[in-house]
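Shown next, in structure tokens, is the structure this report addresses.
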Amino acid sequence: MKPGRMVMLVLGTLAALLGLGLLAGAAGVGWLNFQQRDEGYFTTQAHRFDAPSAAITSAGMDIMVSGRLPDVIPSDTAGSILLRGSAATPGKGIFIGVAPQQDAARYLEGVKRSEIRELNLRPFRVDYNEVPGTRTPARPGSQNFWVASAEGTGTQELKWNILPGSWTVVVMNADATAPVSVDLQAGVRSDLLWPLFLWLLISGIVLLVIGVPLIVAGAMGLGRHGPPPHIPPGQYPAGHYPPGQYPAGPPVAGHGPPPGTPAAGTPTAAPPAAAGVTGPLASSAVPGEGAGVPPGTAPVPPGMQPASHPAPGYPAPGYPAPGYPALGYAAAGGGAGAPPPPAVVDRLENPRYPARLTGHVDPALSRWMWLVKWFLAIPHLIVLFFLWFALIVTTIVAWFAILFTARYPHSLFNFNVGVLRWSWRVSFYAFTAIGTDRYPPFTLARTDYPADFEVDYPEHLSRGLVVVKSWLLAIPHLLIVGVLVGSSRTWVASPDDDMAGGSGYYSAGSTVSLLSLLAFIAGVILLFTGRYLRSLFDLLIGLNRWVYRVAAYVALMRDEYPPFRLDMGPVDPGEAPAVGPPAAPPRVPS
């Protein structure tokens, strides 16, 4: 990858994330500002406060004691509190006041009072520190040190602009008698919420304006040259092998070749043609054996040129093709090792999908390494965090490009496919397949790694479909993908409300995804037996193939709707088979 473009992408992602965080903060502050109802106050419900003493006091409010409010913040707009209450006994007068702590302490000296030690609003519970005393205080309304107060029968309301200092809230009966029993409601408001909302909103937009172009420029640079083609087997560097071919190692469960199986590197034969099948769907008894095709090679599909190298085994030498019994085992309709005729499937019923995922299991997997692969994959996960954020941004940009031009920008297309490919390699290595011990490469391009993903570039995309396909049309598939890869969490709502219009929620539990569970089962079997079950591996690849097809569709890369089909096995049905060179025409006897 180009370091400069990657730096641009990382810086753009950080700026955009910070911008989104500020916008989220603006949304929260805006909601709080909107909720400042009830004469502009954000209020709680009314709760009963009972105390056997002559006064209920707060523990003290220290506001900017060691400093002062900034000059740019007027003291009368920094915030204010509302205290509204009424006596539990109808017709009895109450007093609510706010005073400096020292003045309130002198007034209540020697008076039995209840100081609030802990107050919980959900569920409501109040605990007091009972301060003993025998003196009866003077009527609170006759004192002149209160900075704000309300007194009388019925509902009384106190409003006070918050100022720096140490303050105490006092609630008493108007005649200073004991006990005290009142219904109180509190509220808070601030005129600073609106300017704070505007500041967060503008700052977030500015950072997004800076970050999004950096992300798009970095993504276009990383995807400008596109993915390289597959590397022919003869050109792989030392120590590397084509996907599906590995050095000799322990067999995979159910895949081990019996005696007489061709050596590593020998192409695996495919089954004979179904009896009576002719035309383009018919296949020869051994791939390539027939008119002008040498033994051991696969037939050349119509419209394709034969390759210059033989097809690799599936997915490794001795691993039979999907749907056919292992070599050396009896099959219906033939002798030992004779595979049955394949089922003929109409091409219209099983079309080739232009997003192809492959994954070949390593027959020499370590028993225990899958236990630590998640830790080894952390560097990849950090990079993928930035890449996936960039993919979301570039998909939005591509949405507008498709809407106006009916084309997906080629460099962004290559980048997004590369991100999905990178994700699949890491997932295949550590999470949803654990199919290889080979560490994934740090690249968006196609390599010789045994897991690969590719999407055909569309020359034209529908302007109408782009409006609905990624969210509306994809809903059935997204529900299925949610079951495969999503972890569920249960939430229980609290019936109690601490703030008017609010509600509380508590987490109750969660579950793991189906893919993670199946991969864990495969890992446990591998740990104790040293073997990877072929059927389980094929199922995992099929489920991952479904997920990545849907991901390509939701990312607007194709208009073709993903099939509701579980194509199991390492090789995607849409992957064009590699074939051998054409044979010389048969000699005609003279």
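Letters A, B, ... go to the chains of the structure tokens in the order shown; residues in each chain start at 1; ligands are counted from 1 in the same order.
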
Helix (DSSP H, G or I) residues, from DSSP on the backbone, in stretch 339-579 of chain A, as a PyMOL selection string: chain A and resi 369-371+373-376+378-405+410-430+465-473+475-485+514-529+534-554

List as a JSON list (two decimals) with N, CA, C and O atoms, in the first residue's frame the protein and nucleic acid residues near A:Pro179, meaning an atom at most 6 Å away when only C-alpha atoms are counted, but skip any in the same chain fewer than 4 places from it.
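Once everything was written out, this is result-v7.json:
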[["chain", "number", "residue", "atom", "x", "y", "z"],
["A", 51, "ALA", "N", -39.14, 13.39, 57.14],
["A", 51, "ALA", "CA", -38.07, 13.44, 58.14],
["A", 51, "ALA", "C", -38.68, 13.75, 59.50],
["A", 51, "ALA", "O", -39.59, 14.59, 59.61],
["A", 52, "PRO", "N", -38.18, 13.13, 60.58],
["A", 52, "PRO", "CA", -38.73, 13.38, 61.93],
["A", 52, "PRO", "C", -38.21, 14.65, 62.56],
["A", 52, "PRO", "O", -38.55, 14.95, 63.71],
["A", 53, "SER", "N", -37.36, 15.38, 61.86],
["A", 53, "SER", "CA", -36.70, 16.55, 62.43],
["A", 53, "SER", "C", -37.40, 17.82, 61.99],
["A", 53, "SER", "O", -38.43, 17.80, 61.31],
["A", 54, "ALA", "N", -36.78, 18.98, 62.34],
["A", 54, "ALA", "CA", -37.37, 20.28, 62.02],
["A", 54, "ALA", "C", -36.95, 20.78, 60.64],
["A", 54, "ALA", "O", -37.55, 21.76, 60.15]]
